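What follows is the content of structure-v9.txt (compact mmCIF, C-alpha atoms and all ligand atoms).
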```
# COMPACT_ATOMS: atom_id res chain seq x y z
CA MET A 1 -22.13 12.35 -2.94
CA ARG A 2 -20.28 10.26 -5.46
CA SER A 3 -18.57 7.23 -4.13
CA PRO A 4 -15.97 5.50 -6.25
CA HIS A 5 -15.57 1.77 -6.57
CA LEU A 6 -11.82 1.80 -6.00
CA SER A 7 -9.69 3.59 -3.44
CA ILE A 8 -5.90 3.76 -3.75
CA VAL A 9 -4.24 4.67 -0.46
CA VAL A 10 -0.74 6.10 -0.82
CA PRO A 11 1.32 6.93 2.30
CA THR A 12 3.94 9.61 1.67
CA PHE A 13 6.86 11.12 3.47
CA ASN A 14 9.11 13.33 1.35
CA GLU A 15 7.88 12.08 -2.04
CA ARG A 16 7.47 15.41 -3.82
CA GLU A 17 9.52 14.15 -6.77
CA ASN A 18 7.39 11.01 -7.17
CA ILE A 19 3.79 11.54 -6.17
CA LEU A 20 2.52 13.47 -9.20
CA GLU A 21 4.11 10.95 -11.56
CA LEU A 22 2.35 8.15 -9.68
CA ILE A 23 -0.97 10.02 -9.89
CA ARG A 24 -0.47 10.46 -13.65
CA ARG A 25 0.33 6.77 -14.13
CA LEU A 26 -2.72 5.75 -12.12
CA ALA A 27 -4.89 7.96 -14.32
CA VAL A 28 -3.65 6.03 -17.38
CA VAL A 29 -3.98 2.53 -15.92
CA LEU A 30 -7.35 3.24 -14.30
CA ALA A 31 -8.76 5.36 -17.13
CA ASP A 32 -11.89 3.19 -17.42
CA LYS A 33 -12.43 2.83 -13.67
CA ASP A 34 -14.16 4.82 -11.01
CA TYR A 35 -11.44 5.51 -8.45
CA GLU A 36 -10.03 7.89 -5.87
CA VAL A 37 -6.44 8.36 -4.73
CA ILE A 38 -5.96 9.12 -1.04
CA VAL A 39 -2.53 10.50 -0.23
CA VAL A 40 -1.71 10.34 3.48
CA ASP A 41 1.18 12.68 4.10
CA ASP A 42 2.86 13.25 7.45
CA ASP A 43 3.56 16.93 6.97
CA SER A 44 6.59 16.18 4.78
CA PRO A 45 9.34 18.78 5.11
CA ASP A 46 9.82 18.68 1.31
CA GLY A 47 6.25 19.92 0.86
CA THR A 48 4.77 16.77 -0.71
CA TRP A 49 1.39 17.75 0.74
CA ARG A 50 1.54 21.11 -1.08
CA VAL A 51 1.83 19.56 -4.54
CA VAL A 52 -0.91 17.06 -3.70
CA GLU A 53 -3.16 19.82 -2.42
CA ALA A 54 -2.71 21.69 -5.72
CA ALA A 55 -3.40 18.51 -7.72
CA ALA A 56 -6.54 17.82 -5.65
CA GLU A 57 -7.92 21.24 -6.56
CA GLN A 58 -7.70 20.26 -10.24
CA ASP A 59 -8.90 16.68 -9.93
CA PRO A 60 -11.74 15.61 -7.61
CA ARG A 61 -10.45 12.01 -7.65
CA ILE A 62 -7.45 13.10 -5.58
CA ARG A 63 -7.78 13.49 -1.83
CA LEU A 64 -5.18 14.62 0.67
CA ASN A 65 -4.99 13.54 4.28
CA HIS A 66 -2.41 15.93 5.70
CA ARG A 67 -1.46 14.62 9.12
CA ILE A 68 0.20 16.92 11.59
CA GLY A 69 1.81 15.62 14.76
CA ARG A 70 1.30 12.00 13.74
CA LYS A 71 3.81 9.82 11.99
CA GLY A 72 4.33 6.30 10.77
CA LEU A 73 3.76 4.24 7.67
CA SER A 74 1.35 1.72 9.17
CA SER A 75 -0.83 4.29 10.89
CA ALA A 76 -0.91 6.33 7.66
CA VAL A 77 -2.19 3.25 5.83
CA VAL A 78 -4.86 2.67 8.48
CA ASP A 79 -5.98 6.31 8.43
CA GLY A 80 -6.16 6.25 4.62
CA CYS A 81 -8.18 3.04 4.56
CA GLY A 82 -10.44 4.53 7.24
CA VAL A 83 -11.54 7.40 4.99
CA ALA A 84 -11.59 5.35 1.78
CA GLN A 85 -14.99 5.32 0.09
CA GLY A 86 -14.39 2.45 -2.32
CA GLN A 87 -15.55 -1.14 -2.01
CA ARG A 88 -12.06 -2.21 -3.01
CA ILE A 89 -9.04 -0.70 -1.26
CA PHE A 90 -5.48 -0.70 -2.59
CA VAL A 91 -2.36 0.29 -0.70
CA MET A 92 0.82 1.18 -2.54
CA ASP A 93 4.00 3.22 -2.14
CA ALA A 94 4.44 6.63 -3.75
CA ASP A 95 8.01 6.10 -4.88
CA LEU A 96 7.20 4.27 -8.16
CA GLN A 97 8.78 1.02 -6.93
CA HIS A 98 5.36 -0.65 -7.12
CA ASP A 99 4.23 -1.47 -10.64
CA GLU A 100 0.85 0.20 -11.11
CA ALA A 101 0.25 -1.81 -14.29
CA ILE A 102 -0.79 -4.90 -12.29
CA ILE A 103 -3.63 -3.13 -10.48
CA PRO A 104 -6.33 -4.28 -12.95
CA ASP A 105 -5.20 -7.91 -12.51
CA MET A 106 -5.18 -7.53 -8.74
CA LEU A 107 -8.72 -6.18 -8.92
CA ILE A 108 -9.88 -9.23 -10.89
CA ARG A 109 -8.28 -11.59 -8.37
CA LEU A 110 -10.01 -9.75 -5.56
CA GLU A 111 -13.29 -11.29 -6.76
CA GLU A 112 -11.91 -14.63 -5.71
CA TYR A 113 -9.76 -13.68 -2.71
CA GLU A 114 -10.35 -11.44 0.30
CA VAL A 115 -6.86 -10.02 0.09
CA VAL A 116 -4.43 -9.94 -2.85
CA VAL A 117 -0.74 -9.31 -2.21
CA ALA A 118 1.60 -8.04 -4.90
CA THR A 119 4.75 -9.93 -4.14
CA ARG A 120 8.39 -9.52 -5.07
CA HIS A 121 9.05 -13.21 -4.78
CA ALA A 122 6.42 -14.96 -6.85
CA GLU A 123 6.87 -15.88 -10.50
CA GLY A 124 7.39 -12.75 -12.52
CA GLY A 125 8.59 -10.96 -9.41
CA SER A 126 12.03 -9.77 -8.55
CA VAL A 127 13.61 -8.54 -5.37
CA GLY A 128 15.52 -5.81 -7.19
CA VAL A 129 17.99 -3.99 -5.02
CA PHE A 130 17.19 -5.69 -1.75
CA ALA A 131 19.76 -5.94 1.03
CA TRP A 132 20.43 -9.23 2.75
CA TYR A 133 19.06 -8.07 6.13
CA ARG A 134 15.81 -7.13 4.53
CA GLN A 135 15.61 -10.53 2.87
CA PHE A 136 16.20 -12.06 6.28
CA ILE A 137 13.38 -10.03 7.92
CA SER A 138 11.15 -11.07 5.06
CA LEU A 139 12.03 -14.73 5.58
CA VAL A 140 11.19 -14.51 9.29
CA ALA A 141 7.89 -12.77 8.45
CA THR A 142 6.96 -15.46 5.92
CA TRP A 143 7.67 -18.16 8.47
CA GLY A 144 5.73 -16.29 11.21
CA VAL A 145 2.64 -15.88 9.06
CA LYS A 146 2.74 -19.54 8.11
CA LEU A 147 2.87 -20.43 11.80
CA LEU A 148 0.10 -18.02 12.82
CA LEU A 149 -2.34 -18.48 9.96
CA GLY A 150 -1.33 -21.74 8.42
CA VAL A 151 -1.05 -20.16 4.97
CA ARG A 152 2.00 -19.39 2.96
CA VAL A 153 2.31 -15.81 1.82
CA SER A 154 5.55 -15.29 -0.06
CA ASP A 155 5.86 -11.59 0.77
CA PRO A 156 3.91 -10.67 3.92
CA MET A 157 5.97 -7.49 4.35
CA SER A 158 4.75 -6.15 1.01
CA GLY A 159 3.50 -2.58 1.02
CA PHE A 160 1.50 -3.28 -2.17
CA PHE A 161 -1.76 -5.12 -1.62
CA CYS A 162 -5.52 -4.80 -1.93
CA LEU A 163 -8.45 -5.92 0.12
CA ARG A 164 -12.18 -5.89 0.18
CA ARG A 165 -13.66 -3.06 2.18
CA GLN A 166 -15.47 -5.49 4.55
CA VAL A 167 -12.15 -7.02 5.57
CA PHE A 168 -10.84 -3.65 6.71
CA ASP A 169 -14.10 -2.72 8.44
CA ARG A 170 -14.06 -5.99 10.34
CA VAL A 171 -10.75 -5.22 12.04
CA SER A 172 -10.18 -1.47 11.82
CA SER A 173 -10.99 -0.78 15.46
CA GLU A 174 -8.56 -3.48 16.64
CA LEU A 175 -5.54 -2.38 14.62
CA ARG A 176 -2.58 -1.07 16.59
CA PRO A 177 -0.46 0.10 13.69
CA ARG A 178 3.27 0.31 14.24
CA GLY A 179 6.26 -0.05 11.97
CA PHE A 180 6.05 -1.57 8.50
CA LYS A 181 4.04 -4.72 9.10
CA ILE A 182 0.49 -3.51 8.61
CA LEU A 183 -0.41 -6.22 6.10
CA ILE A 184 0.55 -8.96 8.56
CA GLU A 185 -1.53 -7.32 11.26
CA ILE A 186 -4.60 -7.12 9.02
CA LEU A 187 -4.19 -10.74 7.89
CA TRP A 188 -3.81 -11.87 11.48
CA ARG A 189 -6.64 -9.86 13.05
CA ALA A 190 -9.10 -10.67 10.27
CA LYS A 191 -7.95 -14.32 10.25
CA ILE A 192 -7.59 -14.17 6.48
CA ARG A 193 -6.61 -17.44 4.86
CA ASN A 194 -7.97 -16.69 1.46
CA ILE A 195 -5.02 -14.76 0.06
CA GLY A 196 -4.14 -14.28 -3.60
CA GLU A 197 -0.69 -13.32 -4.84
CA ILE A 198 0.63 -11.65 -7.96
CA GLY A 199 4.31 -11.24 -8.74
CA PHE A 200 5.78 -8.00 -9.95
CA HIS A 201 9.14 -6.50 -10.65
CA PHE A 202 10.12 -4.24 -7.73
CA ARG A 203 11.66 -1.19 -9.38
CA ALA A 204 14.61 0.72 -8.05
CA ARG A 205 13.84 4.05 -6.44
CA THR A 206 15.05 6.93 -8.59
CA ALA A 207 14.05 9.95 -6.50
CA GLY A 208 13.93 10.49 -2.74
CA GLU A 209 15.09 8.06 -0.07
CA SER A 210 13.89 4.86 1.56
CA LYS A 211 12.67 5.41 5.13
CA LEU A 212 12.79 1.74 6.02
CA ASP A 213 16.52 1.41 5.48
CA SER A 214 17.25 4.05 8.08
N1 LIG B 1 2.69 8.98 5.74
C1 LIG B 1 3.85 8.34 5.89
N2 LIG B 1 4.46 8.34 7.11
N3 LIG B 1 4.39 7.69 4.83
C2 LIG B 1 5.57 7.05 5.00
C3 LIG B 1 6.26 7.02 6.24
C4 LIG B 1 5.66 7.71 7.35
O1 LIG B 1 6.17 7.75 8.47
N4 LIG B 1 7.40 6.29 6.07
C5 LIG B 1 7.41 5.90 4.79
N5 LIG B 1 6.32 6.37 4.13
C6 LIG B 1 5.93 6.16 2.73
C7 LIG B 1 7.00 6.50 1.71
O2 LIG B 1 6.95 7.87 1.33
C8 LIG B 1 6.65 5.57 0.56
O3 LIG B 1 5.62 6.07 -0.24
C9 LIG B 1 6.16 4.31 1.29
O4 LIG B 1 5.71 4.78 2.57
C10 LIG B 1 7.24 3.24 1.48
O5 LIG B 1 8.36 3.80 2.11
P1 LIG B 1 9.85 3.48 1.62
O6 LIG B 1 10.75 4.24 2.52
O7 LIG B 1 9.99 3.69 0.16
O8 LIG B 1 9.91 1.94 1.96
P2 LIG B 1 10.88 0.86 1.30
O9 LIG B 1 10.80 0.90 -0.19
O10 LIG B 1 12.20 0.99 1.92
O11 LIG B 1 10.15 -0.47 1.83
C11 LIG B 1 9.24 -1.21 1.03
O12 LIG B 1 9.40 -2.58 1.32
C12 LIG B 1 9.00 -2.96 2.64
C13 LIG B 1 9.27 -4.44 2.85
O13 LIG B 1 10.59 -4.74 2.74
C14 LIG B 1 7.80 -0.75 1.29
O14 LIG B 1 6.97 -1.30 0.27
C15 LIG B 1 7.28 -1.20 2.63
O15 LIG B 1 5.87 -0.94 2.68
C16 LIG B 1 7.54 -2.67 2.84
O16 LIG B 1 7.13 -3.08 4.13
MN MN B 2 10.33 2.40 -1.44
```
Could you rewrite the structure in this file as structure tokens?
Ligand code: GDD
Ligand code: MN
Amino acid sequence: MRSPHLSIVVPTFNERENILELIRRLAVVLADKDYEVIVVDDDSPDGTWRVVEAAAEQDPRIRLNHRIGRKGLSSAVVDGCGVAQGQRIFVMDADLQHDEAIIPDMLIRLEEYEVVVATRHAEGGSVGVFAWYRQFISLVATWGVKLLLGVRVSDPMSGFFCLRRQVFDRVSSELRPRGFKILIEILWRAKIRNIGEIGFHFRARTAGESKLDS
């Protein structure tokens, strides 16, 4: 069985308008790489899983994890990472807010760091449309991680990051995924201090709705 070098895990809930565009963009950016895209969909009422299923029939690099009776962003990320075959695992949103163009740079940094976080606060980054209460939560998270791990991560709530497969394997059985803070949990359980960061411009969502705001 072929096993790709890179796995991109994409959690989805009602992203029918976005997911195929993301898959197309990934195919362009990763044209020279051996990769798979794992879409973890929680039985979206808008039928996201249907369009992914059809795409997967055309392209063996696309895999669908259609979860029924299970819900939640963090657990979707953990399930996706659990079936990933690559040595390098990426996690990103489906809604095109995460800039896929920085993936090759993140991959290069992953040679040096165990985890690389794409952050909205570092140089070159931007918070975009980002409500004050979310900035506040992010501030508390940054402070908490600093206290727990002794390292400063500018955006520990980021849903865009990559890690070496061994890091995930080391902690996968201990993860108790809840809510939106899966990156913090992985960093904490694996006691990761070797963290790289890359800034990016957080785009505005053009289709579908944010689930975190609600
Ligand atoms: N499978 C699954 N199950 N996917 C989900 C669920 C769920 O219950 N909830 C959300 N998603 C998917 C969305 O479809 C999208 O692809 C991604 O997870 C992020 O969800 P959004 O609803 O777009 O989140 P956001 O843009 O408001 O929040 C972003 O910033 C947060 C920090 O402030 C995300 O990047 C979060 O990951 C991040 O923690
Ligand atoms: Mn979003």
Produce a table with one row for each residue of chain A that has an atom at most 6 Å from any atom of ligand MN 2 (chain B), each row naming the nearest atom pair and its distance in Å at one decimal; use all atoms listed in the file; arrange rows by chain and rising residue number; format as a Markdown table.
```
| residue | atom | partner | partner_atom | distance |
| --- | --- | --- | --- | --- |
| A:Asp95 | CA | B:MN2 | MN | 5.6 |
| A:Gln97 | CA | B:MN2 | MN | 5.9 |
| A:Ser210 | CA | B:MN2 | MN | 5.3 |
```
So that I can see what lies close to A:Val10, please list as a ChimeraX atom specification the residues with an atom at most 8 Å from it, counting all atoms listed in the file and leaving out residues fewer than 6 positions away in the same chain. /A:37-40,77,80,91-94
Could you report the residues within 7 Å of ligand LIG 1 (chain B), using all atoms listed in the file, as a CSV table (one decimal) with C-alpha atoms, in the coordinates of the input?
```csv
chain,number,residue,atom,x,y,z
A,10,VAL,CA,-0.7,6.1,-0.8
A,11,PRO,CA,1.3,6.9,2.3
A,12,THR,CA,3.9,9.6,1.7
A,13,PHE,CA,6.9,11.1,3.5
A,14,ASN,CA,9.1,13.3,1.4
A,15,GLU,CA,7.9,12.1,-2.0
A,40,VAL,CA,-1.7,10.3,3.5
A,41,ASP,CA,1.2,12.7,4.1
A,42,ASP,CA,2.9,13.2,7.4
A,71,LYS,CA,3.8,9.8,12.0
A,72,GLY,CA,4.3,6.3,10.8
A,73,LEU,CA,3.8,4.2,7.7
A,76,ALA,CA,-0.9,6.3,7.7
A,93,ASP,CA,4.0,3.2,-2.1
A,94,ALA,CA,4.4,6.6,-3.8
A,95,ASP,CA,8.0,6.1,-4.9
A,134,ARG,CA,15.8,-7.1,4.5
A,138,SER,CA,11.2,-11.1,5.1
A,157,MET,CA,6.0,-7.5,4.4
A,158,SER,CA,4.8,-6.2,1.0
A,159,GLY,CA,3.5,-2.6,1.0
A,160,PHE,CA,1.5,-3.3,-2.2
A,180,PHE,CA,6.0,-1.6,8.5
A,181,LYS,CA,4.0,-4.7,9.1
A,209,GLU,CA,15.1,8.1,-0.1
A,210,SER,CA,13.9,4.9,1.6
A,211,LYS,CA,12.7,5.4,5.1
A,212,LEU,CA,12.8,1.7,6.0
A,213,ASP,CA,16.5,1.4,5.5
```
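If only C-alpha atoms are the atoms counted, then among A:Gly179, A:Ile195, A:Glu174, A:Glu100 the closest residue to A:Leu149 is A:Ile195.
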With a distance cut-off of 10 Å and only C-alpha atoms, select the neighbouring residues of A:Gln87, excluding the residue or stretch itself and same-chain residues fewer than 4 positions from it, and output the selection as a PyMOL selection string. chain A and resi 3-7+163-166
List as a PyMOL selection string the protein and nucleic acid residues near A:Val29, meaning an atom at most 8 Å away when only C-alpha atoms are counted, but skip any in the same chain fewer than 6 places from it. chain A and resi 100-101+103-104
Filtering to C-alpha atoms, could you give me those residues as a PDB file, in the frame of the given file?
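That gives us selection.pdb:
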```pdb
ATOM      1  CA  GLU A 100       0.850   0.200 -11.110  1.00  0.00           C
ATOM      2  CA  ALA A 101       0.250  -1.810 -14.290  1.00  0.00           C
ATOM      3  CA  ILE A 103      -3.630  -3.130 -10.480  1.00  0.00           C
ATOM      4  CA  PRO A 104      -6.330  -4.280 -12.950  1.00  0.00           C
TER       5      PRO A 104
END
```
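Around A:Arg25, within 10 Å and counting only C-alpha atoms, the residues found are A:Ile19, A:Leu20, A:Glu21, A:Leu22, A:Val28, A:Val29, A:Leu30, A:Ala31, A:Leu96, A:Asp99, A:Glu100, A:Ala101, once anything fewer than 3 positions away on its own chain is removed.
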Please check which residues have atoms at most 12 Å from (-9.1, 2.9, 7.9) in the file's coordinates, counting all atoms listed in the file, and write them as JSON, numbers by chain. {"A": [7, 9, 38, 40, 65, 74, 75, 76, 77, 78, 79, 80, 81, 82, 83, 84, 85, 86, 89, 90, 91, 163, 165, 166, 167, 168, 169, 170, 171, 172, 173, 174, 175, 176, 177, 182, 186]}
Set the distance at 8 Å and use only C-alpha atoms: which residues neighbour A:Trp49 once local chain neighbours fewer than 6 positions away are removed? I'd like the list as a count of residues only. 5
Rounded to one decimal, what separation in Å do you get between atom CA of A:Ala141 and atom CA of A:Leu183? 10.8 Å
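The gap separating atom CA of A:Arg24 from atom CA of A:Arg63 is 14.2 Å, in Å to one decimal.
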Can I get a file of stretch 14-26 of chain A from the given structure, N, CA and C atoms kept, as an mmCIF file, in the first residue's frame?
```
data_model
loop_
_atom_site.group_PDB
_atom_site.id
_atom_site.type_symbol
_atom_site.label_atom_id
_atom_site.label_comp_id
_atom_site.auth_asym_id
_atom_site.auth_seq_id
_atom_site.Cartn_x
_atom_site.Cartn_y
_atom_site.Cartn_z
ATOM 1 N N ASN A 14 -20.522 21.431 7.721
ATOM 2 C CA ASN A 14 -21.206 22.347 6.794
ATOM 3 C C ASN A 14 -20.229 23.226 6.008
ATOM 4 N N GLU A 15 -19.350 22.601 5.256
ATOM 5 C CA GLU A 15 -18.371 23.322 4.439
ATOM 6 C C GLU A 15 -18.478 22.922 2.971
ATOM 7 N N ARG A 16 -19.663 22.587 2.530
ATOM 8 C CA ARG A 16 -19.851 22.155 1.151
ATOM 9 C C ARG A 16 -19.367 23.192 0.136
ATOM 10 N N GLU A 17 -19.540 24.463 0.476
ATOM 11 C CA GLU A 17 -19.153 25.538 -0.444
ATOM 12 C C GLU A 17 -17.632 25.755 -0.485
ATOM 13 N N ASN A 18 -16.921 25.200 0.483
ATOM 14 C CA ASN A 18 -15.488 25.504 0.607
ATOM 15 C C ASN A 18 -14.557 24.332 0.336
ATOM 16 N N ILE A 19 -14.988 23.140 0.683
ATOM 17 C CA ILE A 19 -14.039 22.030 0.755
ATOM 18 C C ILE A 19 -13.392 21.675 -0.589
ATOM 19 N N LEU A 20 -14.162 21.707 -1.674
ATOM 20 C CA LEU A 20 -13.557 21.340 -2.962
ATOM 21 C C LEU A 20 -12.547 22.388 -3.419
ATOM 22 N N GLU A 21 -12.845 23.653 -3.115
ATOM 23 C CA GLU A 21 -11.892 24.720 -3.449
ATOM 24 C C GLU A 21 -10.588 24.522 -2.662
ATOM 25 N N LEU A 22 -10.711 24.164 -1.393
ATOM 26 C CA LEU A 22 -9.497 23.905 -0.607
ATOM 27 C C LEU A 22 -8.707 22.742 -1.218
ATOM 28 N N ILE A 23 -9.405 21.674 -1.564
ATOM 29 C CA ILE A 23 -8.738 20.507 -2.148
ATOM 30 C C ILE A 23 -8.015 20.886 -3.449
ATOM 31 N N ARG A 24 -8.655 21.732 -4.249
ATOM 32 C CA ARG A 24 -8.016 22.202 -5.494
ATOM 33 C C ARG A 24 -6.760 23.021 -5.195
ATOM 34 N N ARG A 25 -6.876 23.923 -4.218
ATOM 35 C CA ARG A 25 -5.714 24.759 -3.877
ATOM 36 C C ARG A 25 -4.567 23.923 -3.335
ATOM 37 N N LEU A 26 -4.901 22.910 -2.550
ATOM 38 C CA LEU A 26 -3.851 22.037 -2.012
ATOM 39 C C LEU A 26 -3.146 21.307 -3.149
#
```
